[in-house]
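Just entry-v8.cif here, mmCIF, C-alpha atoms:
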```cif
data_entry
loop_
_atom_site.label_atom_id
_atom_site.label_comp_id
_atom_site.auth_asym_id
_atom_site.auth_seq_id
_atom_site.Cartn_x
_atom_site.Cartn_y
_atom_site.Cartn_z
CA MET A 252 -35.13 -15.56 -76.71
CA SER A 253 -32.74 -12.71 -76.28
CA GLN A 254 -31.08 -11.11 -79.28
CA MET A 255 -27.58 -12.45 -80.04
CA PRO A 256 -24.81 -9.95 -79.51
CA GLN A 257 -22.84 -8.68 -82.47
CA LEU A 258 -19.31 -9.22 -81.26
CA SER A 259 -16.12 -9.08 -83.30
CA ALA A 260 -13.97 -10.80 -80.73
CA CYS A 261 -14.45 -13.27 -77.90
CA PRO A 262 -14.85 -11.39 -74.60
CA SER A 263 -12.83 -14.15 -72.92
CA CYS A 264 -9.80 -14.78 -75.16
CA GLU A 265 -10.24 -12.00 -77.78
CA GLU A 266 -10.27 -14.57 -80.62
CA PRO A 267 -11.93 -13.06 -83.77
CA LEU A 268 -15.52 -14.24 -84.24
CA GLU A 269 -17.69 -14.93 -87.24
CA SER A 270 -21.20 -13.59 -87.51
CA GLY A 271 -23.67 -16.04 -85.97
CA ASP A 272 -21.10 -17.85 -83.79
CA LEU A 273 -22.71 -19.27 -80.67
CA TYR A 274 -19.40 -20.35 -79.08
CA CYS A 275 -15.83 -19.16 -79.37
CA GLY A 276 -13.88 -21.43 -81.64
CA ALA A 277 -10.72 -21.02 -79.55
CA CYS A 278 -11.85 -21.25 -75.93
CA GLY A 279 -15.46 -22.42 -76.27
CA PHE A 280 -16.85 -19.38 -74.45
CA ASP A 281 -20.69 -19.31 -74.51
CA LEU A 282 -21.43 -16.14 -76.47
CA SER A 283 -25.11 -16.31 -75.46
CA ALA A 284 -24.12 -15.44 -71.89
CA VAL A 285 -23.26 -11.90 -73.00
CA PRO A 286 -26.46 -9.89 -73.57
CA PRO A 287 -26.52 -7.14 -76.15
CA ARG A 288 -25.85 -3.59 -75.01
CA PRO A 289 -28.94 -1.43 -75.44
CA ALA A 290 -28.79 1.81 -77.36
CA ALA A 291 -29.96 3.66 -74.27
CA ALA A 292 -30.03 2.83 -70.59
CA PRO A 293 -33.41 2.18 -68.98
CA ASP A 294 -33.14 5.48 -67.09
CA GLY A 295 -32.60 7.37 -70.33
CA SER A 296 -28.88 7.91 -69.92
CA ALA A 297 -26.77 8.30 -73.05
CA VAL A 298 -24.75 5.39 -74.51
CA ALA A 299 -21.68 5.82 -76.67
CA PRO A 300 -21.85 4.69 -80.33
CA ASP A 301 -19.65 1.64 -79.57
CA GLY A 302 -22.14 0.48 -76.96
CA SER A 303 -20.25 1.64 -73.86
CA ALA A 304 -21.56 4.15 -71.39
CA ALA A 305 -21.02 7.77 -72.25
CA ALA A 306 -18.44 9.78 -70.33
CA GLY A 307 -19.66 10.79 -66.89
CA GLU A 308 -22.32 8.08 -66.84
CA PRO A 309 -22.09 4.99 -64.58
CA GLU A 310 -21.16 1.71 -66.24
CA ARG A 311 -24.19 -0.53 -66.83
CA TRP A 312 -23.34 -4.12 -66.11
CA PRO A 313 -25.49 -7.08 -67.13
CA VAL A 314 -27.56 -9.07 -64.71
CA ALA A 315 -26.25 -12.54 -63.97
CA PRO A 316 -28.10 -15.26 -65.95
CA ASP A 317 -30.50 -17.71 -64.35
CA ALA A 318 -28.67 -20.69 -65.95
CA ASP A 319 -25.10 -21.47 -66.90
CA SER A 320 -23.82 -22.81 -70.25
CA SER A 321 -24.93 -26.33 -69.36
CA ASP A 322 -28.53 -25.15 -68.85
CA ARG A 323 -28.26 -25.94 -65.15
CA PRO A 324 -29.64 -23.42 -62.70
CA VAL A 325 -26.98 -21.16 -61.32
CA PRO A 326 -26.45 -22.00 -57.64
CA ALA A 327 -27.70 -19.32 -55.32
CA HIS A 328 -26.96 -18.82 -51.61
CA LEU A 329 -30.01 -18.24 -49.49
CA PRO A 330 -29.92 -16.05 -46.36
CA THR A 331 -30.32 -19.10 -44.13
CA ASP A 332 -27.38 -20.94 -45.69
CA LEU A 333 -24.65 -18.76 -44.13
CA PRO A 334 -25.65 -17.52 -40.68
CA GLY A 335 -23.86 -14.23 -39.97
CA THR A 336 -21.89 -13.85 -36.76
CA ASP A 337 -19.68 -11.21 -35.27
CA SER A 338 -16.07 -11.66 -34.08
CA ALA A 339 -17.27 -13.04 -30.75
CA GLY A 340 -19.44 -15.70 -32.38
CA GLY A 341 -22.78 -14.03 -31.62
CA ALA A 342 -25.55 -13.03 -33.98
CA LEU A 343 -25.06 -9.76 -35.83
CA SER A 344 -26.71 -6.76 -34.16
CA GLY A 345 -30.13 -6.00 -35.61
CA THR A 346 -30.35 -9.36 -37.45
CA PRO A 347 -32.51 -12.34 -36.42
CA GLU A 348 -30.30 -15.07 -35.03
CA GLY A 349 -29.09 -17.35 -37.80
CA THR A 350 -29.90 -14.90 -40.63
CA PRO A 351 -27.11 -12.89 -42.28
CA GLU A 352 -27.36 -9.20 -43.01
CA GLY A 353 -28.12 -7.94 -46.51
CA THR A 354 -30.39 -9.15 -49.27
CA PRO A 355 -29.88 -12.32 -51.30
CA GLY A 356 -28.26 -11.83 -54.68
CA ALA A 357 -28.18 -13.84 -57.85
CA GLY A 358 -25.80 -16.69 -58.38
CA PRO A 359 -22.10 -16.13 -58.85
CA ALA A 360 -21.03 -14.59 -62.13
CA GLU A 361 -17.68 -14.46 -63.79
CA PRO A 362 -15.08 -12.55 -61.78
CA ASP A 363 -15.20 -9.54 -64.13
CA GLU A 364 -18.98 -9.39 -64.11
CA TYR A 365 -19.57 -8.28 -60.52
CA PRO A 366 -21.13 -4.80 -60.45
CA LEU A 367 -19.08 -2.01 -58.94
CA PRO A 368 -20.58 -0.67 -55.71
CA ALA A 369 -21.89 2.85 -55.69
CA PRO A 370 -20.02 5.31 -53.45
CA GLY A 371 -20.87 4.58 -49.80
CA ALA A 372 -22.69 1.34 -50.63
CA ALA A 373 -21.70 -2.13 -49.50
CA ALA A 374 -20.25 -4.51 -52.06
CA PRO A 375 -22.55 -7.29 -53.30
CA GLY A 376 -22.58 -10.25 -50.97
CA ALA A 377 -21.09 -8.21 -48.11
CA ALA A 378 -22.98 -7.70 -44.90
CA ALA A 379 -24.72 -4.37 -44.63
CA PRO A 380 -23.46 -2.17 -41.78
CA ALA A 381 -25.23 -2.90 -38.52
CA PRO A 382 -27.44 -0.10 -37.20
CA VAL A 383 -25.76 2.01 -34.53
CA PRO A 384 -27.55 1.58 -31.21
CA ALA A 385 -28.75 4.64 -29.34
CA ALA A 386 -26.15 4.08 -26.59
CA ALA A 387 -23.07 2.18 -27.68
CA ALA A 388 -21.89 -0.43 -25.20
CA ASP A 389 -18.57 0.15 -23.50
CA PRO A 390 -16.31 -2.80 -24.38
CA ARG A 391 -14.24 -2.24 -21.24
CA THR A 392 -17.22 -3.17 -19.10
CA ASP A 393 -19.14 -5.48 -21.44
CA LEU A 394 -16.32 -7.91 -22.20
CA PRO A 395 -16.43 -11.06 -20.12
CA GLY A 396 -14.15 -10.77 -17.12
CA ALA A 397 -13.48 -7.02 -17.65
CA THR A 398 -14.83 -6.22 -14.18
CA PRO A 399 -12.57 -7.77 -11.54
CA PRO A 400 -14.11 -9.74 -8.68
CA ALA A 401 -15.08 -7.85 -5.56
CA GLY A 402 -12.10 -7.25 -3.31
CA THR A 403 -9.54 -7.38 -6.12
CA LYS A 404 -6.86 -4.71 -5.71
CA LEU A 405 -5.95 -2.95 -8.96
CA CYS A 406 -2.63 -1.27 -9.73
CA VAL A 407 -2.46 2.45 -9.02
CA ALA A 408 -0.16 2.93 -12.03
CA CYS A 409 -1.79 1.10 -14.96
CA ARG A 410 -5.19 0.75 -13.24
CA SER A 411 -5.82 -2.57 -14.95
CA GLY A 412 -3.40 -5.14 -13.56
CA ARG A 413 -4.14 -7.06 -10.40
CA VAL A 414 -1.79 -6.67 -7.45
CA ASP A 415 0.01 -9.79 -6.29
CA PRO A 416 0.32 -10.59 -2.58
CA ASP A 417 3.93 -9.34 -2.72
CA GLY A 418 2.66 -5.81 -3.46
CA TYR A 419 3.59 -5.61 -7.16
CA CYS A 420 1.33 -5.31 -10.21
CA GLU A 421 1.19 -8.54 -12.23
CA ASN A 422 0.68 -6.45 -15.40
CA CYS A 423 3.24 -3.62 -15.26
CA GLY A 424 5.32 -4.65 -12.23
CA HIS A 425 4.77 -1.33 -10.44
CA ALA A 426 5.29 -1.45 -6.67
CA GLN A 427 2.09 -0.48 -4.90
CA PRO A 428 1.86 2.06 -2.07
CA ARG A 429 1.83 0.41 1.33
CA GLU A 430 -1.16 0.98 3.54
CA ARG A 431 0.97 2.94 6.00
CA ASP A 432 2.51 5.24 3.38
CA HIS A 433 -0.27 7.73 4.12
CA MET A 434 -2.80 7.39 6.94
CA GLU A 435 -5.50 9.70 8.21
CA GLN A 436 -7.97 9.34 11.07
CA GLU A 437 -10.48 11.69 12.64
CA LEU A 438 -12.61 11.30 15.74
CA ASP A 439 -14.98 13.89 17.17
CA THR A 440 -12.28 15.57 19.25
CA VAL A 441 -8.96 14.59 17.66
CA ALA A 442 -7.39 13.88 14.26
CA ALA A 443 -4.05 12.63 12.97
CA VAL A 444 -2.20 12.27 9.67
CA SER A 445 0.92 10.22 8.95
CA ASP A 446 2.92 10.25 5.71
CA ARG A 447 5.99 8.40 4.43
CA GLY A 448 7.61 11.65 3.29
CA LEU A 449 9.62 12.19 0.13
CA ARG A 450 12.89 10.41 0.90
CA HIS A 451 12.12 7.23 2.88
CA HIS A 452 11.05 3.99 1.22
CA ARG A 453 8.50 3.21 3.95
CA ASN A 454 6.65 4.87 6.81
CA GLU A 455 8.14 3.92 10.17
CA ASP A 456 5.79 6.19 12.16
CA ALA A 457 2.51 5.14 13.74
CA PHE A 458 -0.27 6.73 15.79
CA ALA A 459 -3.28 5.73 17.88
CA LEU A 460 -6.32 7.87 18.62
CA SER A 461 -9.13 7.04 21.02
CA ALA A 462 -11.90 8.55 23.08
CA ALA A 463 -12.85 7.33 26.53
CA ALA A 464 -15.13 8.41 29.36
CA LEU A 465 -14.05 9.18 32.91
CA PRO A 466 -16.04 7.69 35.82
CA ASP A 467 -18.11 10.88 36.07
CA GLY A 468 -19.07 10.58 32.38
CA SER A 469 -16.90 13.43 31.13
CA PRO A 470 -14.99 12.73 27.91
CA ALA A 471 -11.30 12.00 27.62
CA THR A 472 -9.31 12.24 24.38
CA VAL A 473 -6.10 10.29 23.74
CA ALA A 474 -3.46 10.75 21.04
CA ILE A 475 -0.30 8.61 20.84
CA VAL A 476 2.44 9.18 18.22
CA CYS A 477 5.46 6.91 17.75
CA ASP A 478 8.55 7.18 15.54
CA GLY A 479 10.51 4.04 14.67
CA VAL A 480 14.27 4.27 15.13
CA SER A 481 15.63 3.75 11.62
CA SER A 482 18.96 2.34 12.80
CA ALA A 483 17.15 -0.45 14.63
CA THR A 484 15.64 -3.63 13.24
CA ARG A 485 11.96 -3.51 12.14
CA PRO A 486 11.31 0.04 13.34
CA ASP A 487 7.91 0.12 11.66
CA GLU A 488 6.78 -2.85 13.75
CA ALA A 489 8.09 -1.20 16.90
CA SER A 490 6.18 2.04 16.40
CA LEU A 491 2.97 0.20 15.56
CA ALA A 492 3.19 -2.09 18.58
CA ALA A 493 3.99 0.79 20.94
CA SER A 494 1.18 3.06 19.75
CA ARG A 495 -1.40 0.29 19.98
CA ALA A 496 -0.28 -0.83 23.44
CA ALA A 497 -0.21 2.69 24.88
CA GLY A 498 -3.61 3.56 23.43
CA ALA A 499 -5.17 0.36 24.74
CA SER A 500 -3.70 0.93 28.20
CA LEU A 501 -5.23 4.40 28.50
CA GLN A 502 -8.58 3.24 27.19
CA GLU A 503 -8.63 0.67 29.97
CA SER A 504 -7.30 2.80 32.85
CA LEU A 505 -9.11 6.13 32.39
CA PRO A 506 -12.66 4.75 32.77
CA ARG A 507 -11.50 3.08 36.03
CA GLY A 508 -10.69 6.47 37.52
CA VAL A 509 -6.90 6.29 37.21
CA HIS A 510 -5.48 9.80 37.17
CA PRO A 511 -4.56 10.72 33.55
CA GLN A 512 -0.92 11.39 34.46
CA GLN A 513 -0.59 8.02 36.17
CA GLY A 514 -2.43 6.43 33.27
CA MET A 515 0.08 7.96 30.85
CA HIS A 516 2.98 6.57 32.87
CA GLU A 517 1.44 3.09 32.79
CA ALA A 518 0.77 3.42 29.06
CA ILE A 519 4.44 4.14 28.34
CA LEU A 520 5.46 1.06 30.34
CA ALA A 521 2.92 -1.04 28.40
CA ALA A 522 4.32 0.30 25.13
CA ALA A 523 7.86 -0.58 26.23
CA ASP A 524 6.78 -4.15 27.01
CA ALA A 525 5.20 -4.46 23.57
CA VAL A 526 8.38 -3.31 21.83
CA ASN A 527 10.59 -5.49 24.00
CA ALA A 528 8.51 -8.50 23.01
CA LEU A 529 9.48 -7.97 19.38
CA ALA A 530 13.08 -8.76 20.28
CA ASP A 531 12.12 -12.26 21.45
CA GLU A 532 13.00 -13.92 18.15
CA PRO A 533 13.77 -17.62 17.63
CA ALA A 534 17.44 -18.50 17.94
CA ALA A 535 17.55 -19.45 14.26
CA ALA A 536 16.58 -15.91 13.28
CA ARG A 537 19.46 -14.47 15.30
CA GLU A 538 21.87 -16.91 13.68
CA HIS A 539 21.02 -15.63 10.19
CA SER A 540 21.29 -11.97 11.28
CA PRO A 541 23.65 -11.89 14.26
CA HIS A 542 24.38 -8.17 13.99
CA GLN A 543 20.79 -6.97 14.14
CA ASN A 544 19.78 -4.89 17.12
CA ALA A 545 16.39 -4.92 18.82
CA PRO A 546 13.37 -3.03 17.39
CA ALA A 547 13.05 0.46 18.89
CA CYS A 548 10.93 3.62 18.69
CA THR A 549 10.13 6.90 20.42
CA LEU A 550 6.74 7.82 21.90
CA VAL A 551 4.84 10.99 22.73
CA GLY A 552 1.24 11.15 23.88
CA ALA A 553 -1.40 13.58 25.10
CA VAL A 554 -4.58 13.18 27.14
CA VAL A 555 -7.22 15.89 27.41
CA ALA A 556 -9.69 15.13 30.21
CA GLY A 557 -11.61 17.16 32.81
CA GLY A 558 -9.85 20.45 32.04
CA LEU A 559 -6.47 18.79 32.41
CA LEU A 560 -3.81 18.37 29.72
CA VAL A 561 -1.37 15.51 30.29
CA VAL A 562 1.62 14.68 28.11
CA GLY A 563 4.10 11.82 28.26
CA TRP A 564 7.14 10.95 26.16
CA VAL A 565 10.34 8.99 25.64
CA GLY A 566 12.72 10.09 22.89
CA ASP A 567 12.63 13.17 20.69
CA SER A 568 9.01 13.26 19.48
CA ARG A 569 7.32 16.40 20.79
CA ALA A 570 4.11 18.05 21.97
CA TYR A 571 3.35 21.79 21.51
CA TRP A 572 0.63 23.93 23.07
CA VAL A 573 -0.81 26.48 20.62
CA PRO A 574 -3.55 28.84 21.98
CA ASP A 575 -6.48 29.63 19.69
CA ASP A 576 -6.25 33.42 20.03
CA ARG A 577 -2.42 33.44 19.77
CA THR A 578 -2.35 36.20 22.38
CA GLY A 579 -0.78 33.76 24.80
CA PRO A 580 2.55 32.09 24.13
CA THR A 581 3.01 28.90 22.15
CA VAL A 582 4.88 26.45 24.37
CA ARG A 583 6.83 23.25 23.78
CA LEU A 584 5.60 20.82 26.45
CA THR A 585 8.31 18.14 26.12
CA GLU A 586 12.09 17.98 26.41
CA ASP A 587 13.98 15.78 23.96
CA ASP A 588 15.94 12.72 25.02
CA SER A 589 18.76 13.65 22.66
CA TRP A 590 22.42 14.57 22.53
CA ALA A 591 21.60 18.20 21.72
CA ALA A 592 19.22 18.53 24.68
CA GLN A 593 21.84 17.10 27.01
CA MET A 594 24.43 19.59 25.78
CA VAL A 595 22.03 22.49 26.35
CA ALA A 596 20.92 21.20 29.79
CA ALA A 597 24.55 20.86 30.88
CA GLY A 598 25.29 24.40 29.74
CA LEU A 599 27.98 23.20 27.36
CA MET A 600 26.38 24.62 24.19
CA SER A 601 23.67 27.02 23.25
CA GLU A 602 20.52 25.55 21.70
CA ALA A 603 21.44 26.94 18.28
CA GLU A 604 24.94 25.46 18.49
CA ALA A 605 23.72 22.11 19.76
CA TYR A 606 21.08 21.59 17.09
CA ALA A 607 23.50 22.66 14.37
CA ASP A 608 25.81 19.80 15.32
CA GLU A 609 25.61 16.60 13.28
CA ARG A 610 25.07 14.66 16.54
CA ALA A 611 22.04 16.73 17.50
CA HIS A 612 19.40 14.10 16.71
CA ALA A 613 21.18 11.17 18.33
CA ILE A 614 18.60 10.05 20.89
CA THR A 615 19.49 9.08 24.44
CA GLY A 616 16.14 7.55 25.36
CA TRP A 617 13.82 5.16 23.47
CA LEU A 618 11.58 2.13 23.83
CA GLY A 619 13.22 -1.19 23.06
CA ALA A 620 15.12 -4.11 24.53
CA ASP A 621 18.45 -2.38 23.83
CA ALA A 622 17.45 0.85 25.61
CA TYR A 623 19.14 2.16 28.70
CA GLU A 624 17.12 2.27 31.90
CA LEU A 625 13.63 3.38 30.87
CA GLU A 626 12.62 6.79 32.25
CA PRO A 627 9.08 7.72 31.18
CA HIS A 628 8.46 11.48 31.28
CA THR A 629 5.01 12.84 32.17
CA ALA A 630 3.64 16.29 32.90
CA SER A 631 0.20 17.80 33.45
CA PHE A 632 -1.06 21.32 32.69
CA LYS A 633 -4.20 23.40 33.18
CA PRO A 634 -4.28 25.95 30.34
CA ASP A 635 -6.21 29.18 30.98
CA ARG A 636 -7.59 29.45 27.46
CA ALA A 637 -8.71 27.30 24.55
CA GLY A 638 -6.13 25.94 22.16
CA VAL A 639 -4.78 22.83 20.51
CA VAL A 640 -2.05 20.35 21.35
CA VAL A 641 0.19 19.39 18.41
CA VAL A 642 1.67 15.94 18.98
CA CYS A 643 4.29 15.14 16.35
CA THR A 644 7.46 13.35 15.29
CA ASP A 645 10.63 15.11 14.31
CA GLY A 646 9.52 14.78 10.67
CA LEU A 647 7.42 17.90 11.38
CA TRP A 648 9.32 19.86 13.99
CA ASN A 649 12.52 19.74 11.95
CA TYR A 650 10.71 22.23 9.69
CA ALA A 651 9.10 24.24 12.53
CA GLU A 652 11.46 23.81 15.45
CA ALA A 653 11.01 27.15 17.16
CA VAL A 654 7.69 27.70 18.90
CA GLU A 655 7.07 30.79 16.79
CA GLU A 656 7.48 28.75 13.63
CA MET A 657 5.06 26.11 14.91
CA ALA A 658 2.50 28.77 15.81
CA ASP A 659 2.73 30.21 12.30
CA ALA A 660 2.32 26.76 10.73
CA VAL A 661 -0.81 25.80 12.72
CA PRO A 662 -4.01 27.11 11.03
CA ALA A 663 -6.05 29.63 13.00
CA ASP A 664 -9.11 27.34 12.97
CA ALA A 665 -7.22 24.26 14.17
CA ALA A 666 -9.60 23.66 17.09
CA ALA A 667 -12.61 23.58 14.78
CA ARG A 668 -10.92 21.59 11.98
CA PRO A 669 -8.31 19.29 13.52
CA LEU A 670 -8.04 16.95 10.50
CA HIS A 671 -7.55 19.84 8.09
CA SER A 672 -4.93 21.28 10.42
CA ALA A 673 -3.05 17.98 10.61
CA GLN A 674 -3.10 17.80 6.82
CA VAL A 675 -1.75 21.35 6.58
CA LEU A 676 1.08 20.57 9.00
CA VAL A 677 2.07 17.43 7.12
CA GLY A 678 2.02 19.48 3.94
CA HIS A 679 4.28 22.04 5.61
CA ALA A 680 6.86 19.31 6.25
CA LEU A 681 6.59 17.92 2.72
CA ASP A 682 6.95 21.39 1.22
CA GLY A 683 10.05 21.86 3.33
CA GLY A 684 11.67 18.78 1.82
CA GLY A 685 9.98 15.80 3.48
CA HIS A 686 13.31 14.20 4.41
CA ASP A 687 11.70 12.05 7.12
CA ASN A 688 8.43 10.32 7.89
CA VAL A 689 6.02 12.86 9.34
CA THR A 690 3.16 12.23 11.76
CA VAL A 691 0.96 14.86 13.40
CA ALA A 692 -1.99 14.62 15.78
CA VAL A 693 -4.03 17.73 16.60
CA VAL A 694 -5.98 17.61 19.87
CA PRO A 695 -8.34 20.53 20.60
CA PHE A 696 -8.42 21.69 24.22
CA PRO A 697 -11.70 23.37 25.20
CA PHE A 698 -11.49 26.26 27.64
CA VAL A 699 -12.21 25.49 31.27
CA ALA A 700 -12.32 28.44 33.70
CA GLN A 701 -9.45 27.38 35.92
CA GLY A 702 -6.15 29.05 36.78
CA ALA A 703 -3.12 28.18 34.72
CA GLY A 704 -0.48 26.03 36.22
CA SER A 705 1.30 22.74 36.00
CA ALA A 706 1.71 19.80 38.24
#
```
Target encoding structure tokens, full file:
Amino acid sequence: MSQMPQLSACPSCEEPLESGDLYCGACGFDLSAVPPRPAAAPDGSAVAPDGSAAAGEPERWPVAPDADSSDRPVPAHLPTDLPGTDSAGGALSGTPEGTPEGTPGAGPAEPDEYPLPAPGAAAPGAAAPAPVPAAAADPRTDLPGATPPAGTKLCVACRSGRVDPDGYCENCGHAQPRERDHMEQELDTVAAVSDRGLRHHRNEDAFALSAAALPDGSPATVAIVCDGVSSATRPDEASLAASRAAGASLQESLPRGVHPQQGMHEAILAAADAVNALADEPAAAREHSPHQNAPACTLVGAVVAGGLLVVGWVGDSRAYWVPDDRTGPTVRLTEDDSWAAQMVAAGLMSEAEAYADERAHAITGWLGADAYELEPHTASFKPDRAGVVVVCTDGLWNYAEAVEEMADAVPADAAARPLHSAQVLVGHALDGGGHDNVTVAVVPFPFVAQGAGSA
């Protein structure tokens, strides 16, 4: 039997006690539940004369009794009684499933009898910290559903929200870039880049690249560039339809032995038919928008085949010849269908005066149902040296209009790196202000030992 404590007051209600009291006369507190304080701690630490721990020494608290005041065993929680789980409902890391962390303790004591935890230690009854795994899992990838299904398009702004079919992020509402805002393509012998620019809300340009074989097996390279007329209805659809139709026409005619210049003429007519077809809308559509005009675009194309360079165009998109060695002249191969070009051709204004006029870029020829009589332009050349053909919309040549400016803008290794050169030229336009959509195709022309001339 343990020695009775010598207490002067009840530890519960502070009622004065008589020597030998087993219970408090005021509150009935069981005085046998309070063990006597030893003169010295088991580890030899000093104890103050009044029985408390000496200054600087940790407080020594009694161990909870095995029975309460009614001589009934103190209830104890076993490890299997309360299975530990994490916030997701799974077993705690490093603990057998259904078994909580930590060691079992004695039964519950009075609220003021719980021992104080040592610095850095877990409180009694609390789960011990789980061991840190060697490689912590990434919650962004381990959470259920964190990885979107294959084919899901994520927002380019927040990089977490899914993109709705209308092109907006369902999380942050950010409008997503359209597929045509920036396009690049490279074949073995030609490359093209198209960009929306810095001012327009969409890209109304389009291009088509292809490679074909002539009947004798020699290669033929085709580049078509189209610029939608912004003042017309659905100009982006017009340029796309025209570029695809012209490219498909040349891919079909060249292997049959059609002369490239005749093939280019037929390709322009096919492109015009494709754009005209866009104007065939149901009557109901015209009723809702009676003032809309027909879709329209410009076109310029180049074919390199058998030592021959053929260009064709309608509108103000252009083609330039730039020799590799730059010892020969850089030449503009096309003449604009525009108000400014007409003024210069009629001798009414100089080129500088005409292109300084606000009416300079008003086109006089285009593809579309509302166009005047269609007059496809074609020309063929036989350069006497290697070089490249730059096929572009006015989004580029507005920033390199003179042939000398275009020659300076084209990289010296354009023939060897056509895609890089097209990227550089688009960058030149964007650096200049990017006021319009810009599309550039670079077509290398290998040297063939034939005299220069044109047909």
Inset, instruction - I need the residue set behind the PyMOL selection byres ((chain A and resi 564-570) around 6) for this file; please write it as a PyMOL selection string. - result: chain A and resi 549-551+563+571+584-585+587-588+616-617+627-628+641-645
Inset, instruction - May I ask which of the residues A:Met515, A:Ala673, A:Ala603, A:Ala471 is the closest one to Phe696 in chain A, counting only C-alpha atoms? - result: A:Ala471
Legend entry - Residues returned when the PyMOL selection byres ((chain A and resi 409) around 12) runs on this file, as an MDAnalysis selection string: chainID A and resid 405:408 410:414 419:427
Please write the residues from the selection above to a file, keeping C-alpha atoms, as an mmCIF file, keeping the file's coordinate frame.
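Result written to part-v3.cif:
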```cif
data_model
loop_
_atom_site.group_PDB
_atom_site.id
_atom_site.type_symbol
_atom_site.label_atom_id
_atom_site.label_comp_id
_atom_site.auth_asym_id
_atom_site.auth_seq_id
_atom_site.Cartn_x
_atom_site.Cartn_y
_atom_site.Cartn_z
ATOM 1 C CA LEU A 405 -5.950 -2.950 -8.960
ATOM 2 C CA CYS A 406 -2.630 -1.270 -9.730
ATOM 3 C CA VAL A 407 -2.460 2.450 -9.020
ATOM 4 C CA ALA A 408 -0.160 2.930 -12.030
ATOM 5 C CA ARG A 410 -5.190 0.750 -13.240
ATOM 6 C CA SER A 411 -5.820 -2.570 -14.950
ATOM 7 C CA GLY A 412 -3.400 -5.140 -13.560
ATOM 8 C CA ARG A 413 -4.140 -7.060 -10.400
ATOM 9 C CA VAL A 414 -1.790 -6.670 -7.450
ATOM 10 C CA TYR A 419 3.590 -5.610 -7.160
ATOM 11 C CA CYS A 420 1.330 -5.310 -10.210
ATOM 12 C CA GLU A 421 1.190 -8.540 -12.230
ATOM 13 C CA ASN A 422 0.680 -6.450 -15.400
ATOM 14 C CA CYS A 423 3.240 -3.620 -15.260
ATOM 15 C CA GLY A 424 5.320 -4.650 -12.230
ATOM 16 C CA HIS A 425 4.770 -1.330 -10.440
ATOM 17 C CA ALA A 426 5.290 -1.450 -6.670
ATOM 18 C CA GLN A 427 2.090 -0.480 -4.900
#
```
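One finds CA of Leu618 in chain A at 6.6 Å from CA of Val526 in chain A.
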Legend entry - Minimum-distance residue to Glu437 in chain A, chosen among A:Val693, A:Val561, A:Ala592, A:Ala607 (using only C-alpha atoms): A:Val693
Legend entry - Pick from A:Val573, A:Asp608, A:Thr629, A:Asp272 nearest to Pro662 in chain A, counting only C-alpha atoms: A:Val573
Could you make a table, as CSV, of the residues of range 398-474 of chain A that have an atom within 7 Å of an atom of range 675-691 of chain A, each with its nearest atom pair and distance in Å to one decimal, counting only C-alpha atoms, in chain and number order?
```
residue,atom,partner,partner_atom,distance
A:Ala443,CA,A:Val691,CA,5.5
A:Val444,CA,A:Val691,CA,5.5
A:Ser445,CA,A:Thr690,CA,4.1
A:Asp446,CA,A:Val689,CA,5.4
A:Arg447,CA,A:Asn688,CA,4.6
A:Gly448,CA,A:Gly685,CA,4.8
A:Leu449,CA,A:Gly685,CA,4.9
A:Arg450,CA,A:His686,CA,5.2
A:His451,CA,A:Asp687,CA,6.4
A:Asn454,CA,A:Asn688,CA,5.8
A:Glu455,CA,A:Asn688,CA,6.8
A:Asp456,CA,A:Asn688,CA,6.5
```
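Straight-line separation from CA of Glu652 in chain A to CA of Leu460 in chain A: 24.1 Å.
Within the file as shown, the PyMOL selection byres ((chain A and resi 489) around 6) identifies Pro486, Asp487, Glu488, Ser490, Leu491, Ala492, Val526, Pro546, Ala547 and Cys548 of chain A.
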For range 462-480 of chain A, what centre and edge lengths in Å (one decimal) does the axis-aligned box get once 5 Å is added on each side of all its listed atoms, as AutoDock Vina command-line options?
```
--center_x -2.4 --center_y 8.7 --center_z 25.4 --size_x 43.3 --size_y 19.4 --size_z 31.4
```
Inset, instruction - To one decimal in Å, tell me the separation between CA of Gly598 in chain A and CA of Ala658 in chain A. - result: 27.1 Å
Residues near range 438-441 of chain A, cut-off 7 Å, all atoms listed in the file, skip fewer than 2 positions along chain, as a PDB file with C-alpha atoms, in the frame of the given file:
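Final output, out.pdb:
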```pdb
ATOM      1  CA  GLN A 436      -7.970   9.340  11.070  1.00  0.00           C
ATOM      2  CA  THR A 472      -9.310  12.240  24.380  1.00  0.00           C
ATOM      3  CA  PRO A 669      -8.310  19.290  13.520  1.00  0.00           C
ATOM      4  CA  VAL A 693      -4.030  17.730  16.600  1.00  0.00           C
ATOM      5  CA  VAL A 694      -5.980  17.610  19.870  1.00  0.00           C
ATOM      6  CA  PRO A 695      -8.340  20.530  20.600  1.00  0.00           C
TER       7      PRO A 695
END
```
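Every protein or nucleic acid residue with an atom no more than 12 Å from Ser631 in chain A, counting only C-alpha atoms and leaving out same-chain residues fewer than 6 positions away, appears here: His510, Pro511, Gln512, Gln513, Gly514, Met515, His516, Gly552, Ala553, Val554, Val555, Ala556, Gly557, Gly558, Leu559, Leu560, Val561, Val562, Gly563, Leu584, Thr585, Ala703, Gly704, Ser705 and Ala706 of chain A.
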